Amino acid sequence: MATTQYEIAQGDTLSRIAGKFGISLAELLAANTQIQNQDLISPGQIINVPGDAAAPAAAPASGQTVVSAAQTNLTWLEKIFDFTVEKHEIPRLNHAPYHAMDSTGIGVLHTTEGSRVIDAIDAMEHGLKAGKPSDPCHFIAGENRIVQCRPLGFQAASLRGEENQFPYVQIEMVALSKTHSWMPDDATLRPAVAIVAYCFKNLGIPLSIPNNWPDNIDDVKPFPASNNTRRTSGIWPNQKGWYMHMEVSNQQPSNHWDCGGIRRSELLQMAHDLAGD
Ligand SMILES: [Zn+2]
């Protein structure tokens with residue numbers, strides 16, 4: 001196969017580079033035998049990319065809509081199905097400008113590990129109150145309410161670091177994740193389903209599970225861990241759909257394993273029914 005050269009950029013990982021060029025991590029490593037430790041790469045380093053890699057695979061899959069933030073003009077929503085959307089903005093430190101993004105077709109589901117919306121807001125504002133960056137999602141779902149914390153079309157910050165650039169929408173569900181099969185209470189599930197259905201109809205996030213991962217999480221090893229098998233599979237962020245936090249790469253030192261054994265397929269089916277597709 002032909003080989004091209006690629007200069008490693010800030011925030012790159014080998015699995016992300018592989019995904020960008022539509023090849024496997026193993027193929028990338030095979031073309032770069034000089035790399036002894038795949039965690040030790042640095043910006044500016046030149047690596048080989050096998051195959052016809054002139055055009056990174058960034059195009060959306062067929063049937064998906066890419067909506068630009070400028071086009072939607074919907075940065076703060078008023079209504080999502082039957083829910084009135086409450087605005088509770090959690091800005092960046094010192095009101096730094098938001099990072100704009102176009103739809104990536106990716107959403108991330110989280111749980112707050114609490115039982116109240118107000119506690120979730122407090123937790124996400126905690127850093128800000130201490131003069132540090134905040135870590136809000138776009139939407140909180142709970143108590144039969146939807147609260148929006150960040151404008152749509154801009155990055156939220158519920159993940160660690162650079163990975164926040166990939167999900168177009170991040171949702172915090174007011175719930176405690178469980179390691180066995182579970183679903184949030186209705187007061188959390190209904191607004192969460194409404195958001196997911198909205199994102200499908202309007203924002204190009206498909207009602208699909210990346211890699212068709214099963215709801216059962218027996219394959220996730222070691223569990224819980226920042227480097228579990230789903231996180232290191234190279235699927236994130238190369239397939240569209242709804243991920244859980246525990247499937248997002250590069251979250252060390254966090255071991256966040258939300259949403260555990262949630263029945264994601266049922267949640268997405270409910271969103272499908274609501275969207276009336
Ligand atoms: Zn999370």
# chains A, B, ... in the order shown; residues from 1 in each chain; ligands from 1

$ residues_near_ligand --ligand "ligand 1" --cutoff "10 Å" --atoms "only C-alpha atoms and all ligand atoms" --output "list of chain:residue names"
A:Val108, A:Leu109, A:His110, A:Thr111, A:Thr112, A:Glu113, A:Cys137, A:Ala157, A:Ser158, A:Leu159, A:Arg160, A:Gln170, A:Ile171, A:Glu172, A:Met173, A:Ser177, A:Met244, A:His245, A:Met246, A:Val248, A:Gln251, A:Ser254, A:Asn255, A:His256, A:Trp257, A:Asp258, A:Cys259

$ select_by_dssp --residues "region 69-164 of chain A" --states "alpha helix (DSSP H)" --output "list in words"
Ala69, Ala70, Gln71, Thr72, Val117, Ile118, Asp119, Ala120, Ile121, Asp122, Ala123, Met124, Glu125, His126, Gly127, Leu128 and Lys129 of chain A

$ atom_distance --atom1 "CA of Arg116 (chain A)" --atom2 "CA of Ala141 (chain A)"
9.9 Å

$ residues_around --residues "Asn216 (chain A)" --least-positions-apart "5" --cutoff "9 Å" --atoms "only C-alpha atoms" --output "MDAnalysis selection string"
chainID A and resid 180:181 260:263

$ closest_residue --among "A:Pro91, A:Pro167, A:Gly234, A:Gly276" --to "Ile17 (chain A)" --atoms "only C-alpha atoms"
A:Gly234

$ closest_residue --among "A:Pro222, A:Pro191, A:Pro214, A:Pro206" --to "Thr84 (chain A)" --atoms "only C-alpha atoms"
A:Pro191

$ residues_around --residues "Lys79 (chain A)" --least-positions-apart "5" --cutoff "12 Å" --atoms "only C-alpha atoms" --output "MDAnalysis selection string"
chainID A and resid 74 84:87 145:148 191 194:195 198

$ atom_distance --atom1 "CA of Phe166 (chain A)" --atom2 "CA of Asp12 (chain A)"
12.8 Å

$ atom_distance --atom1 "CA of Ser265 (chain A)" --atom2 "CA of Leu14 (chain A)"
29.8 Å
